[in-house]
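start.pdb (PDB, C-alpha atoms and all ligand atoms)
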ATOM      1  CA  MET X 296     -14.400  11.676  -2.222
ATOM      2  CA  LYS X 297     -10.856  10.289  -1.943
ATOM      3  CA  ILE X 298     -10.252   7.050  -0.098
ATOM      4  CA  VAL X 299      -6.689   5.899   0.588
ATOM      5  CA  LEU X 300      -5.798   2.349   1.585
ATOM      6  CA  MET X 301      -2.537   1.588   3.330
ATOM      7  CA  GLY X 302      -0.847  -1.413   4.888
ATOM      8  CA  TYR X 303       2.094  -3.768   4.679
ATOM      9  CA  MET X 304       2.987  -5.629   1.485
ATOM     10  CA  ALA X 305       0.461  -8.365   0.651
ATOM     11  CA  SER X 306      -2.222  -7.030   2.972
ATOM     12  CA  GLY X 307      -4.789  -6.970   0.153
ATOM     13  CA  LYS X 308      -4.764  -3.218  -0.567
ATOM     14  CA  SER X 309      -5.043  -3.609  -4.340
ATOM     15  CA  THR X 310      -7.731  -6.314  -4.343
ATOM     16  CA  VAL X 311      -9.822  -4.475  -1.754
ATOM     17  CA  GLY X 312      -9.261  -1.105  -3.442
ATOM     18  CA  ARG X 313     -10.318  -2.345  -6.880
ATOM     19  CA  LEU X 314     -13.499  -3.920  -5.493
ATOM     20  CA  LEU X 315     -14.337  -0.895  -3.357
ATOM     21  CA  ALA X 316     -13.886   1.478  -6.302
ATOM     22  CA  SER X 317     -16.068  -0.651  -8.556
ATOM     23  CA  GLN X 318     -18.847  -0.818  -5.941
ATOM     24  CA  LEU X 319     -18.674   2.944  -5.432
ATOM     25  CA  GLY X 320     -18.451   3.621  -9.172
ATOM     26  CA  VAL X 321     -15.275   5.692  -8.840
ATOM     27  CA  GLN X 322     -11.805   5.478 -10.355
ATOM     28  CA  PHE X 323      -9.302   3.034  -8.866
ATOM     29  CA  ILE X 324      -5.593   3.838  -8.781
ATOM     30  CA  ASP X 325      -2.892   1.496  -7.571
ATOM     31  CA  LEU X 326       0.136   3.676  -6.816
ATOM     32  CA  ASP X 327       2.647   0.986  -7.851
ATOM     33  CA  ASP X 328       0.866   0.539 -11.215
ATOM     34  CA  TYR X 329       0.712   4.322 -11.644
ATOM     35  CA  ILE X 330       4.477   4.598 -11.043
ATOM     36  CA  GLU X 331       5.175   1.697 -13.424
ATOM     37  CA  ALA X 332       3.035   3.296 -16.144
ATOM     38  CA  SER X 333       4.724   6.670 -15.770
ATOM     39  CA  GLU X 334       8.256   5.207 -15.808
ATOM     40  CA  LYS X 335       7.398   2.437 -18.288
ATOM     41  CA  LYS X 336       9.332   0.068 -16.013
ATOM     42  CA  SER X 337       8.389  -2.435 -13.328
ATOM     43  CA  ILE X 338       8.928  -1.548  -9.670
ATOM     44  CA  LYS X 339      11.448  -4.389  -9.563
ATOM     45  CA  THR X 340      13.441  -2.824 -12.435
ATOM     46  CA  ILE X 341      13.244   0.685 -10.943
ATOM     47  CA  PHE X 342      14.681  -0.670  -7.667
ATOM     48  CA  SER X 343      17.436  -2.624  -9.375
ATOM     49  CA  GLU X 344      18.451   0.079 -11.878
ATOM     50  CA  LYS X 345      18.003   3.245  -9.823
ATOM     51  CA  GLY X 346      17.792   2.103  -6.183
ATOM     52  CA  GLU X 347      15.337   2.656  -3.360
ATOM     53  CA  ILE X 348      16.021   6.383  -2.779
ATOM     54  CA  PHE X 349      15.120   7.162  -6.403
ATOM     55  CA  PHE X 350      11.978   5.030  -6.035
ATOM     56  CA  ARG X 351      10.916   6.838  -2.821
ATOM     57  CA  LYS X 352      11.273  10.264  -4.497
ATOM     58  CA  LEU X 353       9.207   9.093  -7.437
ATOM     59  CA  GLU X 354       6.616   7.546  -5.118
ATOM     60  CA  HIS X 355       6.313  10.849  -3.234
ATOM     61  CA  LYS X 356       5.850  12.825  -6.459
ATOM     62  CA  MET X 357       3.277  10.395  -7.869
ATOM     63  CA  LEU X 358       1.366  10.290  -4.571
ATOM     64  CA  LEU X 359       1.019  14.067  -4.613
ATOM     65  CA  GLU X 360      -0.090  13.988  -8.255
ATOM     66  CA  VAL X 361      -2.825  11.429  -7.488
ATOM     67  CA  LEU X 362      -3.989  13.183  -4.312
ATOM     68  CA  GLU X 363      -4.373  16.439  -6.229
ATOM     69  CA  LYS X 364      -6.739  14.956  -8.812
ATOM     70  CA  GLU X 365     -10.170  16.543  -8.794
ATOM     71  CA  GLU X 366     -12.217  13.399  -9.157
ATOM     72  CA  SER X 367     -13.366  10.853  -6.592
ATOM     73  CA  LEU X 368     -11.085   7.848  -6.363
ATOM     74  CA  VAL X 369      -9.839   4.925  -4.333
ATOM     75  CA  LEU X 370      -6.041   4.826  -4.039
ATOM     76  CA  SER X 371      -4.112   1.761  -2.934
ATOM     77  CA  THR X 372      -0.659   2.839  -1.782
ATOM     78  CA  GLY X 373       2.535   0.753  -1.714
ATOM     79  CA  GLY X 374       3.508  -0.826   1.586
ATOM     80  CA  GLY X 375       6.151   1.834   2.260
ATOM     81  CA  THR X 376       4.277   4.879   0.929
ATOM     82  CA  PRO X 377       3.015   6.343   4.239
ATOM     83  CA  CYS X 378       6.403   5.829   5.890
ATOM     84  CA  TYR X 379       8.601   8.211   3.847
ATOM     85  CA  ALA X 380       8.937  11.993   3.452
ATOM     86  CA  ASN X 381       5.760  13.745   4.612
ATOM     87  CA  ASN X 382       3.564  11.247   2.781
ATOM     88  CA  ILE X 383       1.387  10.349   5.750
ATOM     89  CA  GLU X 384       0.653  14.027   6.443
ATOM     90  CA  MET X 385      -0.226  14.550   2.777
ATOM     91  CA  ILE X 386      -2.541  11.537   2.805
ATOM     92  CA  LEU X 387      -4.324  12.709   5.955
ATOM     93  CA  GLU X 388      -4.687  16.243   4.657
ATOM     94  CA  LYS X 389      -5.793  15.471   1.109
ATOM     95  CA  SER X 390      -8.004  12.396   1.541
ATOM     96  CA  ASP X 391     -11.489  12.114   2.978
ATOM     97  CA  CYS X 392     -10.980   8.651   4.354
ATOM     98  CA  SER X 393      -7.814   6.652   5.044
ATOM     99  CA  VAL X 394      -7.834   3.020   6.057
ATOM    100  CA  TYR X 395      -5.060   0.796   7.405
ATOM    101  CA  LEU X 396      -5.620  -2.858   6.550
ATOM    102  CA  GLY X 397      -3.934  -4.626   9.460
ATOM    103  CA  MET X 398      -2.744  -8.230   9.276
ATOM    104  CA  THR X 399      -0.853 -10.410  11.737
ATOM    105  CA  ILE X 400       2.800 -11.337  11.153
ATOM    106  CA  PRO X 401       2.007 -15.038  10.454
ATOM    107  CA  GLN X 402      -0.629 -14.004   7.886
ATOM    108  CA  LEU X 403       1.840 -11.678   6.160
ATOM    109  CA  VAL X 404       4.632 -14.278   6.226
ATOM    110  CA  ASN X 405       2.299 -16.840   4.716
ATOM    111  CA  ARG X 406       1.253 -14.558   1.848
ATOM    112  CA  ILE X 407       4.659 -12.977   1.187
ATOM    113  CA  SER X 408       6.574 -16.267   1.155
ATOM    114  CA  LYS X 409       4.457 -17.308  -1.834
ATOM    115  CA  GLU X 410       5.193 -14.177  -3.858
ATOM    116  CA  LYS X 411       8.657 -12.945  -2.893
ATOM    117  CA  GLU X 412      10.130 -12.623  -6.395
ATOM    118  CA  ASP X 413       8.477  -9.351  -7.417
ATOM    119  CA  ARG X 414       9.043  -7.691  -4.071
ATOM    120  CA  PRO X 415      12.513  -6.095  -4.067
ATOM    121  CA  LEU X 416      12.586  -5.570  -0.295
ATOM    122  CA  VAL X 417      12.033  -9.224   0.605
ATOM    123  CA  LYS X 418      13.220 -11.218  -2.390
ATOM    124  CA  ASN X 419      16.662 -11.891  -0.887
ATOM    125  CA  ILE X 420      15.428 -12.749   2.605
ATOM    126  CA  PRO X 421      15.612 -16.523   3.180
ATOM    127  CA  ASP X 422      12.230 -18.031   4.037
ATOM    128  CA  GLU X 423      13.349 -18.970   7.531
ATOM    129  CA  ASP X 424      14.253 -15.333   8.287
ATOM    130  CA  LEU X 425      11.000 -13.862   6.934
ATOM    131  CA  PRO X 426       9.058 -13.873  10.246
ATOM    132  CA  GLU X 427      11.815 -11.906  12.016
ATOM    133  CA  PHE X 428      12.305  -9.511   9.089
ATOM    134  CA  ILE X 429       8.588  -8.820   8.668
ATOM    135  CA  GLY X 430       8.074  -8.505  12.419
ATOM    136  CA  LYS X 431      10.779  -5.820  12.743
ATOM    137  CA  HIS X 432       9.802  -4.034   9.541
ATOM    138  CA  LEU X 433       6.132  -3.912  10.485
ATOM    139  CA  PHE X 434       7.045  -2.639  13.964
ATOM    140  CA  GLU X 435       8.891   0.301  12.331
ATOM    141  CA  ARG X 436       5.967   1.045  10.035
ATOM    142  CA  ILE X 437       3.036   0.745  12.445
ATOM    143  CA  PRO X 438       3.532   4.306  13.799
ATOM    144  CA  PHE X 439       2.777   5.541  10.261
ATOM    145  CA  TYR X 440      -0.002   3.113   9.332
ATOM    146  CA  SER X 441      -1.788   3.670  12.610
ATOM    147  CA  GLN X 442      -2.290   7.352  11.794
ATOM    148  CA  ALA X 443      -4.932   6.321   9.237
ATOM    149  CA  LYS X 444      -8.425   7.450  10.167
ATOM    150  CA  TYR X 445      -9.545   3.823  10.489
ATOM    151  CA  THR X 446      -7.727   0.579  11.238
ATOM    152  CA  LEU X 447      -9.450  -2.587  10.059
ATOM    153  CA  ASN X 448      -8.627  -6.262  10.212
ATOM    154  CA  GLY X 449      -7.561  -6.908   6.616
ATOM    155  CA  SER X 450      -7.548 -10.690   6.843
ATOM    156  CA  GLY X 451     -11.207 -11.290   5.991
ATOM    157  CA  SER X 452     -12.434 -11.830   2.437
ATOM    158  CA  PRO X 453     -12.078  -8.781   0.157
ATOM    159  CA  GLU X 454     -15.923  -8.603   0.004
ATOM    160  CA  ASP X 455     -16.160  -8.427   3.813
ATOM    161  CA  VAL X 456     -13.393  -5.834   4.101
ATOM    162  CA  VAL X 457     -15.097  -3.701   1.433
ATOM    163  CA  THR X 458     -18.451  -3.964   3.250
ATOM    164  CA  GLU X 459     -16.731  -2.855   6.448
ATOM    165  CA  ILE X 460     -15.090   0.134   4.735
ATOM    166  CA  ARG X 461     -18.408   1.145   3.146
ATOM    167  CA  SER X 462     -20.062   1.094   6.563
ATOM    168  CA  LEU X 463     -17.566   3.755   7.690
ATOM    169  CA  LEU X 464     -18.239   6.170   4.833
TER     170      LEU X 464
HETATM  171  C1  LIG F 501       7.075  -1.605  -0.912
HETATM  172  C2  LIG F 501       5.883  -2.206  -1.258
HETATM  173  C3  LIG F 501       5.495  -2.439  -2.658
HETATM  174  C4  LIG F 501       6.214  -1.488  -3.606
HETATM  175  C5  LIG F 501       7.690  -1.497  -3.369
HETATM  176  C6  LIG F 501       8.054  -1.126  -1.929
HETATM  177  C7  LIG F 501       7.373  -1.402   0.520
HETATM  178  O1  LIG F 501       4.090  -2.289  -2.798
HETATM  179  O2  LIG F 501       5.722  -0.176  -3.473
HETATM  180  O3  LIG F 501       8.160  -2.783  -3.659
HETATM  181  O4  LIG F 501       8.244  -0.585   0.851
HETATM  182  O5  LIG F 501       6.710  -2.059   1.363
HETATM  183  P1  LIG F 501       3.017  -3.388  -2.264
HETATM  184  O6  LIG F 501       2.702  -3.077  -0.845
HETATM  185  O7  LIG F 501       1.844  -3.156  -3.161
HETATM  186  O8  LIG F 501       3.634  -4.740  -2.442
END

Let me see the structure of the file written as structure tokens.
Amino acid sequence: MKIVLMGYMASGKSTVGRLLASQLGVQFIDLDDYIEASEKKSIKTIFSEKGEIFFRKLEHKMLLEVLEKEESLVLSTGGGTPCYANNIEMILEKSDCSVYLGMTIPQLVNRISKEKEDRPLVKNIPDEDLPEFIGKHLFERIPFYSQAKYTLNGSGSPEDVVTEIRSLL
């Protein structure tokens, strides 16, 4: 069984994914970590040295590679993964369960403002402009995220979100 988690930056995809995979006894893959391991560079460095278009092509290729694995796994995607190329179609076709972890704009602003440095897309946005930036960005991405098989409120504790996902399986 392949389970794919999606959602905006800082919506808890990696924490929830790791816990879910350990409870299910299956492999956990974080797509950002997978890309970093294959390139031997951080996402931040890939963005600054090669730019976003290069990153999106790599992300697409790595997503396909992970989705084609034989074994059961939980995959946490990057915040932009479902929104580029035909990634959302690939996710829907090749996974058994896809979940969008939804969060409100104030919740996202609160989390992201505390960890902007490693996030190339928001690191240069002044704190006072974050709510407007995230609001617009999320609005553009919701049409992709909302194609997931399930939409859950991602703001609960990771344990509660995992219990909710398991009840859907
Ligand atoms: C991105 C989100 C990041 C990472 C990259 C781009 C995005 O992943 O893939 O910085 O476009 O939202 P997280 O959602 O894990 O922060």

Please, which residues in chain X fall within 10 Å of ligand LIG 501 (chain F) when counting only C-alpha atoms and all ligand atoms, and what is the closest atom pair and distance in Å to one decimal for each, ordered by chain then residue number, as JSON lines?
{"residue": "X:Met301", "atom": "CA", "partner": "F:LIG501", "partner_atom": "O6", "distance": 8.2}
{"residue": "X:Gly302", "atom": "CA", "partner": "F:LIG501", "partner_atom": "O6", "distance": 6.9}
{"residue": "X:Tyr303", "atom": "CA", "partner": "F:LIG501", "partner_atom": "O6", "distance": 5.6}
{"residue": "X:Met304", "atom": "CA", "partner": "F:LIG501", "partner_atom": "O6", "distance": 3.5}
{"residue": "X:Ala305", "atom": "CA", "partner": "F:LIG501", "partner_atom": "O8", "distance": 5.7}
{"residue": "X:Ser306", "atom": "CA", "partner": "F:LIG501", "partner_atom": "O6", "distance": 7.4}
{"residue": "X:Gly307", "atom": "CA", "partner": "F:LIG501", "partner_atom": "O7", "distance": 8.3}
{"residue": "X:Lys308", "atom": "CA", "partner": "F:LIG501", "partner_atom": "O7", "distance": 7.1}
{"residue": "X:Ser309", "atom": "CA", "partner": "F:LIG501", "partner_atom": "O7", "distance": 7.0}
{"residue": "X:Asp325", "atom": "CA", "partner": "F:LIG501", "partner_atom": "O7", "distance": 8.0}
{"residue": "X:Leu326", "atom": "CA", "partner": "F:LIG501", "partner_atom": "O2", "distance": 7.6}
{"residue": "X:Asp327", "atom": "CA", "partner": "F:LIG501", "partner_atom": "O2", "distance": 5.5}
{"residue": "X:Asp328", "atom": "CA", "partner": "F:LIG501", "partner_atom": "O7", "distance": 8.9}
{"residue": "X:Ile330", "atom": "CA", "partner": "F:LIG501", "partner_atom": "O2", "distance": 9.0}
{"residue": "X:Ser337", "atom": "CA", "partner": "F:LIG501", "partner_atom": "O3", "distance": 9.7}
{"residue": "X:Ile338", "atom": "CA", "partner": "F:LIG501", "partner_atom": "O3", "distance": 6.2}
{"residue": "X:Lys339", "atom": "CA", "partner": "F:LIG501", "partner_atom": "O3", "distance": 6.9}
{"residue": "X:Ile341", "atom": "CA", "partner": "F:LIG501", "partner_atom": "O3", "distance": 9.5}
{"residue": "X:Phe342", "atom": "CA", "partner": "F:LIG501", "partner_atom": "O3", "distance": 7.9}
{"residue": "X:Glu347", "atom": "CA", "partner": "F:LIG501", "partner_atom": "C6", "distance": 8.3}
{"residue": "X:Phe350", "atom": "CA", "partner": "F:LIG501", "partner_atom": "C5", "distance": 8.3}
{"residue": "X:Arg351", "atom": "CA", "partner": "F:LIG501", "partner_atom": "C6", "distance": 8.5}
{"residue": "X:Glu354", "atom": "CA", "partner": "F:LIG501", "partner_atom": "O2", "distance": 7.9}
{"residue": "X:Ser371", "atom": "CA", "partner": "F:LIG501", "partner_atom": "O7", "distance": 7.7}
{"residue": "X:Thr372", "atom": "CA", "partner": "F:LIG501", "partner_atom": "O7", "distance": 6.6}
{"residue": "X:Gly373", "atom": "CA", "partner": "F:LIG501", "partner_atom": "O1", "distance": 3.6}
{"residue": "X:Gly374", "atom": "CA", "partner": "F:LIG501", "partner_atom": "O6", "distance": 3.4}
{"residue": "X:Gly375", "atom": "CA", "partner": "F:LIG501", "partner_atom": "O4", "distance": 3.5}
{"residue": "X:Thr376", "atom": "CA", "partner": "F:LIG501", "partner_atom": "O4", "distance": 6.8}
{"residue": "X:Pro377", "atom": "CA", "partner": "F:LIG501", "partner_atom": "O4", "distance": 9.3}
{"residue": "X:Cys378", "atom": "CA", "partner": "F:LIG501", "partner_atom": "O4", "distance": 8.4}
{"residue": "X:Tyr379", "atom": "CA", "partner": "F:LIG501", "partner_atom": "O4", "distance": 9.3}
{"residue": "X:Ile407", "atom": "CA", "partner": "F:LIG501", "partner_atom": "O8", "distance": 9.1}
{"residue": "X:Glu410", "atom": "CA", "partner": "F:LIG501", "partner_atom": "O8", "distance": 9.7}
{"residue": "X:Lys411", "atom": "CA", "partner": "F:LIG501", "partner_atom": "O8", "distance": 9.6}
{"residue": "X:Asp413", "atom": "CA", "partner": "F:LIG501", "partner_atom": "O3", "distance": 7.6}
{"residue": "X:Arg414", "atom": "CA", "partner": "F:LIG501", "partner_atom": "O3", "distance": 5.0}
{"residue": "X:Pro415", "atom": "CA", "partner": "F:LIG501", "partner_atom": "O3", "distance": 5.5}
{"residue": "X:Leu416", "atom": "CA", "partner": "F:LIG501", "partner_atom": "O3", "distance": 6.2}
{"residue": "X:Val417", "atom": "CA", "partner": "F:LIG501", "partner_atom": "O3", "distance": 8.6}
{"residue": "X:Lys418", "atom": "CA", "partner": "F:LIG501", "partner_atom": "O3", "distance": 9.9}
{"residue": "X:His432", "atom": "CA", "partner": "F:LIG501", "partner_atom": "O5", "distance": 9.0}
{"residue": "X:Leu433", "atom": "CA", "partner": "F:LIG501", "partner_atom": "O5", "distance": 9.3}
{"residue": "X:Arg436", "atom": "CA", "partner": "F:LIG501", "partner_atom": "O5", "distance": 9.2}

Atom pair CA of Met385 in chain X + CA of Tyr445 in chain X, distance 16.2 Å

Which one of X:Ala316, X:Ile420, X:Ala332, X:Leu300 sits closest to Ile386 in chain X if you count only C-alpha atoms?
->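 Between X:Ala316, X:Ile420, X:Ala332, X:Leu300, the residue approaching Ile386 in chain X most closely is X:Leu300.
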
Mind pulling up the distance from CA of Glu366 in chain X to CA of Val321 in chain X?
->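 Answer for the CA of Val321 in chain X to CA of Glu366 in chain X separation: 8.3 Å.
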
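Distance annotation: of X:Ser367, X:Asn405, X:Thr340, X:Thr458, the residue with the minimal separation from Lys389 in chain X is X:Ser367; atom set is only C-alpha atoms.
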
In Å, with one decimal, what is the gap from CA of Ile437 in chain X to CA of Leu358 in chain X?
->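 Atom-to-atom, CA of Ile437 in chain X to CA of Leu358 in chain X, that is 19.6 Å.
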
Using all atoms listed in the file, the shortest atom-to-atom distance to Ala443 in chain X among X:Gln402, X:Asn382, X:Ser408, X:Asn419 belongs to X:Asn382

For this file, the PyMOL selection byres (((chain X and resi 452-454) around 9) and not hetatm) selects which residues, as a VMD selection string?
-> chain X and resid 307 310 to 312 314 to 315 449 to 451 455 to 459

Written as a compact mmCIF listing (two decimals) with C-alpha atoms, in the coordinates of the input, which residues does the PyMOL selection byres (((chain X and resi 298) around 7) and not hetatm) give for the file shown?
# COMPACT_ATOMS: atom_id res chain seq x y z
CA MET X 296 -14.40 11.68 -2.22
CA LYS X 297 -10.86 10.29 -1.94
CA VAL X 299 -6.69 5.90 0.59
CA LEU X 300 -5.80 2.35 1.58
CA LEU X 368 -11.08 7.85 -6.36
CA VAL X 369 -9.84 4.92 -4.33
CA LEU X 370 -6.04 4.83 -4.04
CA SER X 390 -8.00 12.40 1.54
CA ASP X 391 -11.49 12.11 2.98
CA CYS X 392 -10.98 8.65 4.35
CA SER X 393 -7.81 6.65 5.04

Find the residues near Lys444 in chain X: any atom within 9 Å, counting all atoms listed in the file, skip ones fewer than 2 places away on the same chain, and give them as a PyMOL selection string.
-> chain X and resi 387+392-395+441-442+446

Put a box with edges along x, y and z around all the listed atoms of range 304-309 of chain X, pad it by 3 Å on each side, then give me its centre and sizes in Å, one decimal, as lines of an AutoDock Vina configuration file.
center_x = -1.0
center_y = -5.8
center_z = -0.7
size_x = 14.0
size_y = 11.1
size_z = 13.3

With all atoms listed in the file as the basis for distance, which of X:Ser333, X:Ala380, X:Lys364, X:Gln322 is at the shortest distance from Ile348 in chain X?
-> X:Ala380
